[in-house]
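Heads up, upload.txt below (compact mmCIF, C-alpha atoms):
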# COMPACT_ATOMS: atom_id res chain seq x y z
CA MET E 1 10.15 15.59 38.98
CA ALA E 2 11.89 18.93 38.57
CA ARG E 3 10.17 22.08 39.70
CA VAL E 4 10.38 23.63 36.22
CA ILE E 5 9.27 21.99 32.98
CA ILE E 6 10.25 23.47 29.62
CA GLY E 7 7.79 22.16 27.05
CA MET E 8 8.84 22.39 23.42
CA ASP E 9 6.98 22.13 20.12
CA PRO E 10 9.84 21.57 17.65
CA HIS E 11 10.00 22.19 13.93
CA LYS E 12 12.78 22.10 11.38
CA ARG E 13 13.75 25.76 11.57
CA SER E 14 12.02 26.91 14.73
CA ALA E 15 11.06 25.75 18.21
CA THR E 16 8.37 27.15 20.49
CA ILE E 17 8.80 26.67 24.23
CA GLU E 18 6.76 27.31 27.35
CA ILE E 19 8.20 27.17 30.86
CA ILE E 20 5.88 26.15 33.69
CA ASN E 21 6.37 25.32 37.34
CA SER E 22 4.97 22.40 39.32
CA ARG E 23 1.62 24.22 39.67
CA GLU E 24 1.34 24.77 35.91
CA LYS E 25 1.99 28.47 36.23
CA VAL E 26 3.48 29.87 33.05
CA LEU E 27 6.89 31.42 33.74
CA ALA E 28 8.01 32.27 30.22
CA GLN E 29 7.25 31.65 26.56
CA GLY E 30 9.06 32.16 23.31
CA ARG E 31 9.69 31.15 19.74
CA PHE E 32 13.28 30.64 18.64
CA GLY E 33 15.11 29.64 15.52
CA THR E 34 17.02 26.36 15.46
CA ASP E 35 20.15 27.98 14.04
CA ARG E 36 23.11 28.68 16.31
CA ASP E 37 21.97 32.09 17.49
CA GLY E 38 18.35 31.08 18.07
CA TYR E 39 19.34 27.92 19.89
CA ALA E 40 21.81 29.80 22.10
CA THR E 41 19.13 32.35 23.06
CA MET E 42 16.63 29.59 23.88
CA LEU E 43 19.18 27.70 25.96
CA LYS E 44 20.08 30.88 27.85
CA LEU E 45 16.41 31.47 28.70
CA GLY E 46 15.97 27.90 29.91
CA ARG E 47 19.09 27.99 32.08
CA GLN E 48 17.71 30.89 34.06
CA HIS E 49 15.66 28.30 35.95
CA LYS E 50 17.21 25.72 38.24
CA ASP E 51 15.90 22.15 38.60
CA ARG E 52 14.72 22.28 35.00
CA VAL E 53 13.77 19.48 32.64
CA TRP E 54 13.20 19.91 28.93
CA ALA E 55 10.17 18.07 27.51
CA VAL E 56 10.42 17.72 23.74
CA GLU E 57 7.70 16.28 21.56
CA GLY E 58 8.71 13.57 19.10
CA CYS E 59 12.36 12.95 19.99
CA ASN E 60 12.39 10.10 17.48
CA GLY E 61 11.04 12.32 14.73
CA ILE E 62 11.04 16.04 14.08
CA GLY E 63 12.32 16.83 17.58
CA ARG E 64 15.34 14.57 17.34
CA HIS E 65 17.82 17.19 16.13
CA ILE E 66 17.04 19.69 18.87
CA ALA E 67 16.80 17.04 21.60
CA GLN E 68 20.25 15.68 20.76
CA ARG E 69 21.74 19.19 20.88
CA LEU E 70 20.25 19.77 24.32
CA VAL E 71 21.53 16.45 25.65
CA ALA E 72 24.99 17.19 24.24
CA ASP E 73 24.95 20.47 26.20
CA GLY E 74 24.27 18.62 29.45
CA GLU E 75 20.52 19.21 29.67
CA ILE E 76 17.97 16.65 30.88
CA VAL E 77 15.49 15.92 28.09
CA LEU E 78 12.32 13.83 28.25
CA ASP E 79 10.63 12.41 25.17
CA VAL E 80 6.92 13.26 25.09
CA PRO E 81 5.01 11.13 22.54
CA ALA E 82 2.74 13.08 20.23
CA LYS E 83 -0.26 11.02 21.33
CA LEU E 84 0.34 12.01 24.95
CA SER E 85 0.47 15.72 24.22
CA ALA E 86 -2.63 15.35 22.02
CA ARG E 87 -4.51 13.91 24.98
CA ALA E 88 -3.45 16.86 27.12
CA ARG E 89 -4.75 19.18 24.40
CA LEU E 90 -8.03 17.27 24.27
CA PHE E 91 -8.69 17.79 27.99
CA ASP E 92 -7.49 21.38 28.05
CA THR E 93 -10.32 23.56 29.34
CA SER E 94 -9.15 26.68 27.53
CA GLN E 95 -10.58 25.36 24.24
CA SER E 96 -7.75 27.09 22.39
CA ARG E 97 -6.93 26.38 18.77
CA LYS E 98 -3.99 24.25 17.80
CA THR E 99 -1.07 26.66 17.66
CA ASP E 100 2.62 26.30 18.40
CA PRO E 101 2.33 28.01 21.84
CA ALA E 102 -0.67 25.82 22.69
CA ASP E 103 1.24 22.72 21.62
CA ALA E 104 4.24 23.70 23.74
CA HIS E 105 1.93 24.18 26.72
CA CYS E 106 0.36 20.73 26.22
CA VAL E 107 3.79 19.12 25.95
CA ALA E 108 4.87 20.73 29.22
CA VAL E 109 1.66 19.71 31.01
CA ALA E 110 1.87 16.15 29.68
CA ALA E 111 5.44 15.86 30.96
CA LEU E 112 4.47 17.28 34.34
CA ARG E 113 1.59 14.88 34.85
CA SER E 114 3.14 11.74 33.39
CA ASP E 115 5.50 9.24 34.97
CA GLY E 116 7.94 6.98 33.20
CA LEU E 117 8.74 9.16 30.21
CA ARG E 118 11.90 8.10 28.43
CA GLN E 119 14.96 10.23 29.06
CA VAL E 120 16.82 10.99 25.86
CA THR E 121 20.47 9.91 25.71
CA ILE E 122 23.31 10.63 23.34
CA ASP E 123 23.19 8.60 20.13
CA ASP E 124 25.45 5.55 20.24
CA VAL E 125 26.31 2.64 17.97
CA THR E 126 22.66 1.65 17.57
CA ALA E 127 21.91 5.00 15.91
CA ALA E 128 24.73 4.38 13.43
CA LEU E 129 23.35 0.91 12.75
CA LYS E 130 19.92 2.33 12.07
CA LEU E 131 21.31 4.89 9.62
CA LEU E 132 23.34 2.27 7.78
CA VAL E 133 20.54 -0.28 7.57
CA ASP E 134 18.17 2.39 6.27
CA ARG E 135 20.74 3.09 3.57
CA ARG E 136 21.04 -0.64 2.85
CA ASP E 137 17.28 -1.01 2.52
CA GLY E 138 17.23 1.98 0.16
CA LEU E 139 19.85 0.33 -2.03
CA GLY E 140 17.75 -2.83 -2.12
CA ARG E 141 14.69 -0.90 -3.24
CA ALA E 142 16.73 0.94 -5.89
CA ARG E 143 18.05 -2.36 -7.25
CA THR E 144 14.57 -3.86 -7.42
CA GLU E 145 13.26 -0.81 -9.28
CA ALA E 146 16.17 -0.83 -11.75
CA LEU E 147 15.75 -4.56 -12.42
CA SER E 148 12.04 -4.11 -12.98
CA ARG E 149 12.66 -1.50 -15.66
CA LEU E 150 15.42 -3.66 -17.15
CA HIS E 151 13.10 -6.67 -17.41
CA HIS E 152 10.53 -4.51 -19.17
CA LEU E 153 13.07 -3.42 -21.79
CA LEU E 154 14.52 -6.91 -22.25
CA LEU E 155 11.04 -8.27 -22.90
CA GLU E 156 10.87 -5.94 -25.92
CA LEU E 157 14.39 -6.81 -27.08
CA VAL E 158 14.64 -10.57 -26.42
CA PRO E 159 11.82 -12.99 -27.24
CA GLY E 160 10.47 -14.29 -23.94
CA GLY E 161 12.49 -11.79 -21.95
CA ALA E 162 15.02 -12.70 -19.25
CA LYS E 163 14.82 -15.01 -16.27
CA GLN E 164 13.39 -13.69 -13.01
CA PHE E 165 16.53 -13.58 -10.89
CA LEU E 166 18.96 -11.69 -13.11
CA SER E 167 22.43 -10.45 -12.21
CA ALA E 168 24.23 -7.60 -13.93
CA PRO E 169 26.78 -9.84 -15.76
CA GLN E 170 23.99 -12.12 -16.98
CA ALA E 171 21.98 -9.15 -18.22
CA ARG E 172 25.06 -7.77 -19.99
CA ALA E 173 25.72 -11.09 -21.71
CA LEU E 174 22.08 -11.32 -22.83
CA LEU E 175 22.15 -7.76 -24.10
CA ASN E 176 25.27 -8.44 -26.18
CA THR E 177 23.29 -10.95 -28.23
CA VAL E 178 20.88 -8.27 -29.39
CA ARG E 179 21.74 -5.88 -32.27
CA PRO E 180 18.60 -3.96 -33.24
CA ARG E 181 18.76 -1.86 -36.41
CA ASP E 182 15.71 0.36 -36.00
CA LEU E 183 15.75 3.57 -33.96
CA VAL E 184 13.33 2.33 -31.31
CA GLY E 185 15.24 -0.89 -30.79
CA ARG E 186 18.59 0.92 -30.50
CA THR E 187 17.07 3.29 -27.95
CA ARG E 188 15.75 0.40 -25.89
CA ARG E 189 19.15 -1.29 -25.97
CA GLN E 190 20.88 1.94 -24.92
CA LEU E 191 18.56 2.39 -21.94
CA ALA E 192 18.90 -1.27 -20.99
CA SER E 193 22.70 -0.97 -21.09
CA GLU E 194 22.54 2.03 -18.77
CA LEU E 195 20.32 0.08 -16.38
CA VAL E 196 22.75 -2.84 -16.35
CA THR E 197 25.55 -0.45 -15.40
CA GLU E 198 23.33 1.05 -12.73
CA VAL E 199 22.56 -2.38 -11.26
CA ALA E 200 26.27 -3.26 -11.22
CA VAL E 201 27.06 -0.05 -9.31
CA ILE E 202 24.26 -0.74 -6.82
CA ASP E 203 25.54 -4.28 -6.30
CA LYS E 204 28.97 -2.93 -5.35
CA LYS E 205 27.39 -0.51 -2.89
CA ILE E 206 25.28 -3.29 -1.38
CA LYS E 207 28.35 -5.47 -0.92
CA ALA E 208 30.22 -2.64 0.79
CA ALA E 209 27.20 -1.83 2.96
CA ASN E 210 26.86 -5.47 4.06
CA GLN E 211 30.53 -5.57 5.00
CA GLN E 212 30.23 -2.38 7.02
CA LEU E 213 27.12 -3.65 8.78
CA THR E 214 28.80 -6.96 9.58
CA GLU E 215 31.78 -5.23 11.18
CA LEU E 216 29.61 -2.80 13.14
CA VAL E 217 27.29 -5.54 14.42
CA ALA E 218 30.31 -7.59 15.48
CA SER E 219 31.68 -4.60 17.40
CA THR E 220 28.59 -4.60 19.61
CA GLY E 221 29.20 -8.19 20.72
CA SER E 222 25.93 -9.37 19.19
CA THR E 223 25.56 -12.95 17.98
CA LEU E 224 22.27 -12.44 16.12
CA GLU E 225 23.85 -13.38 12.80
CA GLN E 226 24.36 -16.89 14.14
CA LEU E 227 20.60 -17.39 13.97
CA ASN E 228 19.40 -19.03 10.79
CA GLY E 229 17.66 -16.42 8.63
CA ILE E 230 19.30 -13.29 10.04
CA GLY E 231 22.00 -11.59 7.99
CA PRO E 232 23.91 -8.33 8.50
CA SER E 233 20.94 -6.17 7.50
CA GLY E 234 18.50 -8.05 9.74
CA ALA E 235 20.83 -7.96 12.74
CA ALA E 236 21.47 -4.26 12.25
CA ARG E 237 17.74 -3.57 11.99
CA LEU E 238 17.06 -5.47 15.21
CA LEU E 239 19.81 -3.69 17.12
CA GLY E 240 19.04 -0.27 15.66
CA ASP E 241 15.28 -0.27 16.18
CA ILE E 242 15.18 -2.18 19.48
CA GLY E 243 18.12 -0.51 21.19
CA ASP E 244 18.08 -1.67 24.80
CA ILE E 245 16.35 -5.06 24.91
CA GLY E 246 16.08 -4.68 28.69
CA ARG E 247 13.26 -2.16 28.27
CA PHE E 248 10.98 -5.12 27.52
CA ALA E 249 9.92 -6.87 30.72
CA SER E 250 9.30 -10.19 28.99
CA ARG E 251 9.28 -11.89 25.64
CA ASP E 252 5.52 -11.35 25.53
CA HIS E 253 5.99 -7.58 25.75
CA PHE E 254 8.53 -7.83 22.94
CA ALA E 255 6.15 -9.84 20.76
CA SER E 256 3.41 -7.28 21.31
CA TRP E 257 5.80 -4.48 20.31
CA ASN E 258 6.91 -6.15 17.09
CA GLY E 259 3.41 -7.25 16.05
CA THR E 260 3.90 -11.03 16.24
CA ALA E 261 1.64 -11.50 19.28
CA PRO E 262 -1.75 -12.74 18.03
CA ILE E 263 -4.91 -10.84 18.84
CA ASP E 264 -7.60 -12.78 20.67
CA ALA E 265 -10.68 -13.01 18.45
CA SER E 266 -12.58 -15.69 20.37
CA SER E 267 -16.33 -15.73 20.59
CA GLY E 268 -18.30 -18.03 22.90
CA ASP E 269 -16.93 -21.56 22.74
CA HIS E 270 -15.05 -20.81 19.53
CA ARG E 271 -11.48 -19.86 20.41
CA ARG E 272 -9.24 -18.37 17.77
CA HIS E 273 -6.59 -15.70 17.26
CA ARG E 274 -6.03 -13.40 14.32
CA LEU E 275 -3.03 -11.62 12.89
CA SER E 276 -1.96 -8.34 14.46
CA ARG E 277 -1.34 -5.43 12.11
CA ALA E 278 0.13 -3.29 14.87
CA GLY E 279 3.69 -3.12 16.12
CA ASN E 280 7.00 -2.23 14.54
CA ARG E 281 6.61 -3.38 10.95
CA ARG E 282 10.35 -3.20 10.20
CA ILE E 283 11.12 -5.71 12.95
CA ASN E 284 8.12 -7.77 11.89
CA ARG E 285 9.57 -7.91 8.38
CA VAL E 286 12.92 -9.17 9.73
CA LEU E 287 11.11 -11.95 11.59
CA HIS E 288 9.06 -12.77 8.50
CA ILE E 289 12.20 -13.12 6.37
CA MET E 290 13.73 -15.25 9.12
CA ALA E 291 10.69 -17.53 9.06
CA ILE E 292 10.76 -17.84 5.26
CA VAL E 293 14.46 -18.77 5.27
CA GLN E 294 13.91 -21.40 7.93
CA LEU E 295 10.98 -22.89 6.00
CA ARG E 296 13.22 -23.29 2.94
CA ASN E 297 15.84 -25.24 4.89
CA ASP E 298 15.86 -28.29 7.11
CA THR E 299 15.52 -26.46 10.44
CA GLU E 300 13.49 -26.79 13.61
CA GLY E 301 11.50 -23.82 12.35
CA ARG E 302 10.27 -25.85 9.37
CA ALA E 303 9.50 -28.81 11.61
CA TYR E 304 7.48 -26.56 13.91
CA TYR E 305 5.59 -25.10 10.93
CA ARG E 306 4.70 -28.57 9.69
CA ARG E 307 3.52 -29.62 13.14
CA LYS E 308 1.15 -26.66 13.13
CA LEU E 309 -0.19 -27.67 9.71
CA ALA E 310 -0.70 -31.22 10.94
CA ALA E 311 -2.61 -29.86 13.92
CA GLY E 312 -5.17 -28.32 11.58
CA LYS E 313 -3.79 -24.79 11.30
CA SER E 314 -4.00 -22.96 8.00
CA PRO E 315 -0.71 -21.94 6.30
CA MET E 316 -1.19 -18.34 7.43
CA GLU E 317 -1.93 -19.38 11.01
CA ALA E 318 1.10 -21.68 11.02
CA MET E 319 3.30 -18.85 9.71
CA ARG E 320 1.95 -16.51 12.37
CA ALA E 321 2.75 -19.04 15.09
CA SER E 322 6.26 -19.54 13.63
CA LYS E 323 6.96 -15.82 13.68
CA ARG E 324 5.73 -15.63 17.28
CA ARG E 325 8.13 -18.44 18.21
CA LEU E 326 11.04 -16.79 16.39
CA SER E 327 10.29 -13.57 18.25
CA ASN E 328 10.98 -15.50 21.47
CA VAL E 329 14.23 -16.85 20.01
CA VAL E 330 15.45 -13.37 19.04
CA TYR E 331 14.46 -11.95 22.41
CA GLN E 332 16.32 -14.67 24.31
CA ARG E 333 19.43 -14.29 22.17
CA MET E 334 19.50 -10.51 22.65
CA ILE E 335 19.06 -10.90 26.41
CA GLN E 336 21.98 -13.33 26.50
CA ASP E 337 24.13 -10.99 24.38
CA ASP E 338 23.28 -8.06 26.61
CA GLU E 339 24.21 -9.95 29.78
CA ARG E 340 27.47 -11.15 28.25
CA VAL E 341 28.48 -7.66 27.11
CA LYS E 342 27.65 -6.09 30.47
CA THR E 343 29.60 -8.70 32.41
CA GLY E 344 32.53 -8.52 30.03
CA ARG E 345 32.52 -12.23 29.10
CA GLY E 346 33.09 -12.05 25.40
CA GLY E 347 32.05 -9.14 23.24
CA GLN E 348 33.20 -5.69 24.21
CA VAL E 349 32.79 -4.18 27.64
CA GLY E 350 30.90 -0.94 27.67
CA ALA E 351 29.07 -1.53 24.39
CA ALA E 352 25.67 -1.69 26.04
CA LEU E 353 22.94 -1.16 23.48
CA GLN E 354 21.34 1.92 24.97
CA SER E 355 19.71 4.11 22.37
CA SER E 356 17.47 7.12 22.12
CA ALA E 357 16.15 5.79 18.83
CA VAL E 358 13.58 3.56 20.44
CA SER E 359 9.95 4.00 21.27
CA PRO E 360 8.34 3.51 24.68
CA ILE E 361 7.30 0.08 25.86
CA PRO E 362 3.76 -0.72 24.68
CA THR E 363 0.90 -0.98 27.12
CA VAL E 364 0.36 -4.47 28.48
CA GLY E 365 -2.62 -6.19 26.93
CA THR E 366 -4.11 -9.62 26.44
CA SER E 367 -2.46 -9.93 23.03
CA GLU E 368 0.92 -10.11 24.76
CA LYS E 369 0.11 -13.49 26.26
CA PRO E 370 1.77 -16.46 24.55
CA LEU E 371 -0.23 -19.01 22.62
CA SER E 372 -1.66 -21.85 24.64
CA GLY E 373 -0.42 -25.38 24.26
CA PRO E 374 2.86 -26.40 22.63
CA ALA E 375 3.43 -22.90 21.21
CA GLY E 376 4.32 -21.68 24.68
CA THR E 377 7.34 -23.96 25.05
CA HIS E 378 10.92 -23.15 24.08
CA LEU E 379 12.51 -24.66 21.02
CA ARG E 380 15.11 -27.30 21.89
CA THR E 381 17.45 -28.16 19.05
CA PRO E 382 21.19 -28.11 18.44
CA HIS E 383 20.66 -25.98 15.35
CA PRO E 384 22.03 -22.44 15.96
CA ALA E 385 18.87 -20.84 14.60
CA VAL E 386 16.75 -21.83 17.55
CA SER E 387 19.23 -22.76 20.26

The structure in this file should be written as C-alpha cells.
Amino acid sequence: MARVIIGMDPHKRSATIEIINSREKVLAQGRFGTDRDGYATMLKLGRQHKDRVWAVEGCNGIGRHIAQRLVADGEIVLDVPAKLSARARLFDTSQSRKTDPADAHCVAVAALRSDGLRQVTIDDVTAALKLLVDRRDGLGRARTEALSRLHHLLLELVPGGAKQFLSAPQARALLNTVRPRDLVGRTRRQLASELVTEVAVIDKKIKAANQQLTELVASTGSTLEQLNGIGPSGAARLLGDIGDIGRFASRDHFASWNGTAPIDASSGDHRRHRLSRAGNRRINRVLHIMAIVQLRNDTEGRAYYRRKLAAGKSPMEAMRASKRRLSNVVYQRMIQDDERVKTGRGGQVGAALQSSAVSPIPTVGTSEKPLSGPAGTHLRTPHPAVS
C-alpha cells in the first residue's frame, strides 16, 4: 500500500478530496471543480506527494468520469464501493455529520484499511459493448411502448384490434383498410400512422444495432453466440457486464454473482432451496431468456427441465435449476474463450476482456454451492448450446 492515500468524494461538477498518510494523518483537503481548470489544480495538489494512490468512491457510477481521467493521466486509482466507505463512516468516532469532506475522509480510510480493492483500468472493448447493448435495450423498450400505444388505437379503429405480434408493414396494411369519416376517428388514424412510422424507424435502428453488436462481439474472439438462446444483445451484455471472467474463482462464485445460485431455506429434516433475488439482474435476465429459448426447442436444456419436473420439482423450481445449469455453461464457455484469446489460438491476440465496468467479486457464501445430486454434473450433448 502506498504511503499516501487521496480519498475522493466525486460529484458531477465537483470533487472533494482528502490526503492522508499511512497513520491516517490528514495532509491536505480541498474541493475542486471537475472542469479542466479544477481538475488540473486537483491533480497538481495530488502530485505533490510521492507513492500516492487515488481512492475514488463509486468508479462504476458517479465517480467513473473522474476515475477514467485520472487513469488516463497515469495515476493509480482504486475503486472504493459505497458500502465500504459507509461502514468506515459508521465506525468513525468523530460522530461528524455526512458532508463531502467527511465522505472523502471515510473513502481514504476505507482504502487504507482494506485489501483487494479493484484497480481501475482504461475502458476497453467491453465498455463499448456495454454502451451499445444499453442502447439496444433502450430501442427494445421504445418499440414495445410504441406498439402498445398502436394496439390501443387499432382496437378503437378495427373491430377486434390487431394480432399480438405486429410488424410495421402489417400494421400499415391494416391501417389502410380503415377510412374513418368523423373527427375522432381521423385523429386516431393519424396518430396510429405516426406510430407505425415510428416503429419502422426503430426496427431499422435495432437491425443496425444488432449488426454492430455482432461485429464487435466477434472482434473479441467470443463464441457465446454459438450457445442456443444467446444472440448479439445477450452476448454483448455478458461480455460488457462481466468483463474479466477470471475474476470469478469458480462457476459457483459466478452463479452467486448473477443470482442463479439458490438460497438454502432448509429447516430440520425438510431440505429445500428458494429463488435468489440478489445478483446482477441484467445477467440473470440473459440467462432467463436463454432458458426460455431452450425450452421452446428440442435441446438438452428442455430435456433437463423435463427431468426436473419428473423428479417432483415445480415448474418454477425446474426453471431455477435450468438457469443455474446454464450459468455453468456460460461460465465454462467464457473461460474457454478467454484461454484461447490469451494463447492466441483463434480469436484475436491481445483482446483480453479486462474492464473497469465490473463490480467486485461477491463474498463467498453457502448459496454459491451447487445443487446436490444430478444438478451438479456437467451437461454432455453434441448440441452447441450446452457443449

* Asked: So what do you get for atom CA of E:Pro81 versus atom CA of E:Asp338, distance-wise?
  -> 26.8 Å

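Taking all atoms listed in the file into account, E:Val56 lies nearest to E:Val120 out of the set E:Ala102, E:Leu27, E:Val120, E:Val201.
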
* Within 9 Å of E:Tyr331, counting all atoms listed in the file, which residues qualify if same-chain residues fewer than 6 places away don't, as number ranges by chain? -> E: 245, 250-251, 254-255

Write out as JSON an axis-aligned box for stretch 302-309 of chain E: all of its atoms listed in the file, 4 Å added on each side, centre and edge lengths in Å with one decimal.
{"center_x": 5.0, "center_y": -27.4, "center_z": 11.6, "size_x": 18.5, "size_y": 12.5, "size_z": 12.5}

* Interatomic distance between atom CA of E:Glu24 and atom CA of E:Ala111? ->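 These atoms are spaced 11.0 Å apart.
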
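Candidate residues E:Arg340, E:His288, E:Lys83, E:Arg52 were compared for distance to E:Thr220, and the nearest is E:Arg340, using all atoms listed in the file.
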
* **Between atom CA of E:His253 and atom CA of E:Gly229, distance in Å (one decimal)** =>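 Taking atom CA of E:His253 and atom CA of E:Gly229, their separation equals 22.5 Å.
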
Could you list, as a PDB file with C-alpha atoms, in the coordinates of the input, every residue within 9 Å of stretch 293-296 of chain E, counting only C-alpha atoms and ignoring same-chain residues fewer than 3 positions away?
ATOM      1  CA  ASN E 228      19.400 -19.030  10.790  1.00  0.00           C
ATOM      2  CA  GLY E 229      17.660 -16.420   8.630  1.00  0.00           C
ATOM      3  CA  ILE E 230      19.300 -13.290  10.040  1.00  0.00           C
ATOM      4  CA  HIS E 288       9.060 -12.770   8.500  1.00  0.00           C
ATOM      5  CA  ILE E 289      12.200 -13.120   6.370  1.00  0.00           C
ATOM      6  CA  MET E 290      13.730 -15.250   9.120  1.00  0.00           C
ATOM      7  CA  THR E 299      15.520 -26.460  10.440  1.00  0.00           C
ATOM      8  CA  GLU E 300      13.490 -26.790  13.610  1.00  0.00           C
ATOM      9  CA  GLY E 301      11.500 -23.820  12.350  1.00  0.00           C
ATOM     10  CA  ARG E 302      10.270 -25.850   9.370  1.00  0.00           C
ATOM     11  CA  ALA E 303       9.500 -28.810  11.610  1.00  0.00           C
ATOM     12  CA  TYR E 305       5.590 -25.100  10.930  1.00  0.00           C
ATOM     13  CA  ALA E 385      18.870 -20.840  14.600  1.00  0.00           C
TER      14      ALA E 385
END

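Restricting the calculation to all atoms listed in the file, the smallest distance between E:Ala67 and any of E:Ser314, E:Thr187, E:Thr121, E:Thr197 is found for E:Thr121.
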
* **For E:Ser167: contacts at 10 Å, only C-alpha atoms, fewer than 5 positions along chain excluded, given as a list of chain:residue names** =>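 Here the qualifying residues turn out to be E:Leu147, E:Arg172, E:Val196, E:Val199, E:Ala200, E:Asp203.
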
Would you mind exporting C-alpha atoms of the selected residues as a PDB file, in the frame of the given file?
ATOM      1  CA  LEU E 147      15.750  -4.560 -12.420  1.00  0.00           C
ATOM      2  CA  ARG E 172      25.060  -7.770 -19.990  1.00  0.00           C
ATOM      3  CA  VAL E 196      22.750  -2.840 -16.350  1.00  0.00           C
ATOM      4  CA  VAL E 199      22.560  -2.380 -11.260  1.00  0.00           C
ATOM      5  CA  ALA E 200      26.270  -3.260 -11.220  1.00  0.00           C
ATOM      6  CA  ASP E 203      25.540  -4.280  -6.300  1.00  0.00           C
TER       7      ASP E 203
END

* To do: Rank nothing, just name the residue among E:Ser85, E:Arg188, E:His105, E:Lys205 nearest to E:Ala142, using all atoms listed in the file.
  => E:Lys205

* Structure fact -> Shortest contact to E:Ala110, candidates E:Ala28, E:Ile76, E:Met8, E:Leu154, atoms counted all atoms listed in the file, goes to E:Met8

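For the choices E:Ala55, E:Asn60, E:Pro262, E:Pro180, the atom-to-atom distance to E:Val107 is smallest for E:Ala55 when using only C-alpha atoms.
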
* **Ref. answer, residues at most 10 Å from (12.8, -1.4, 11.3) with only C-alpha atoms, as a count of residues only** => 20
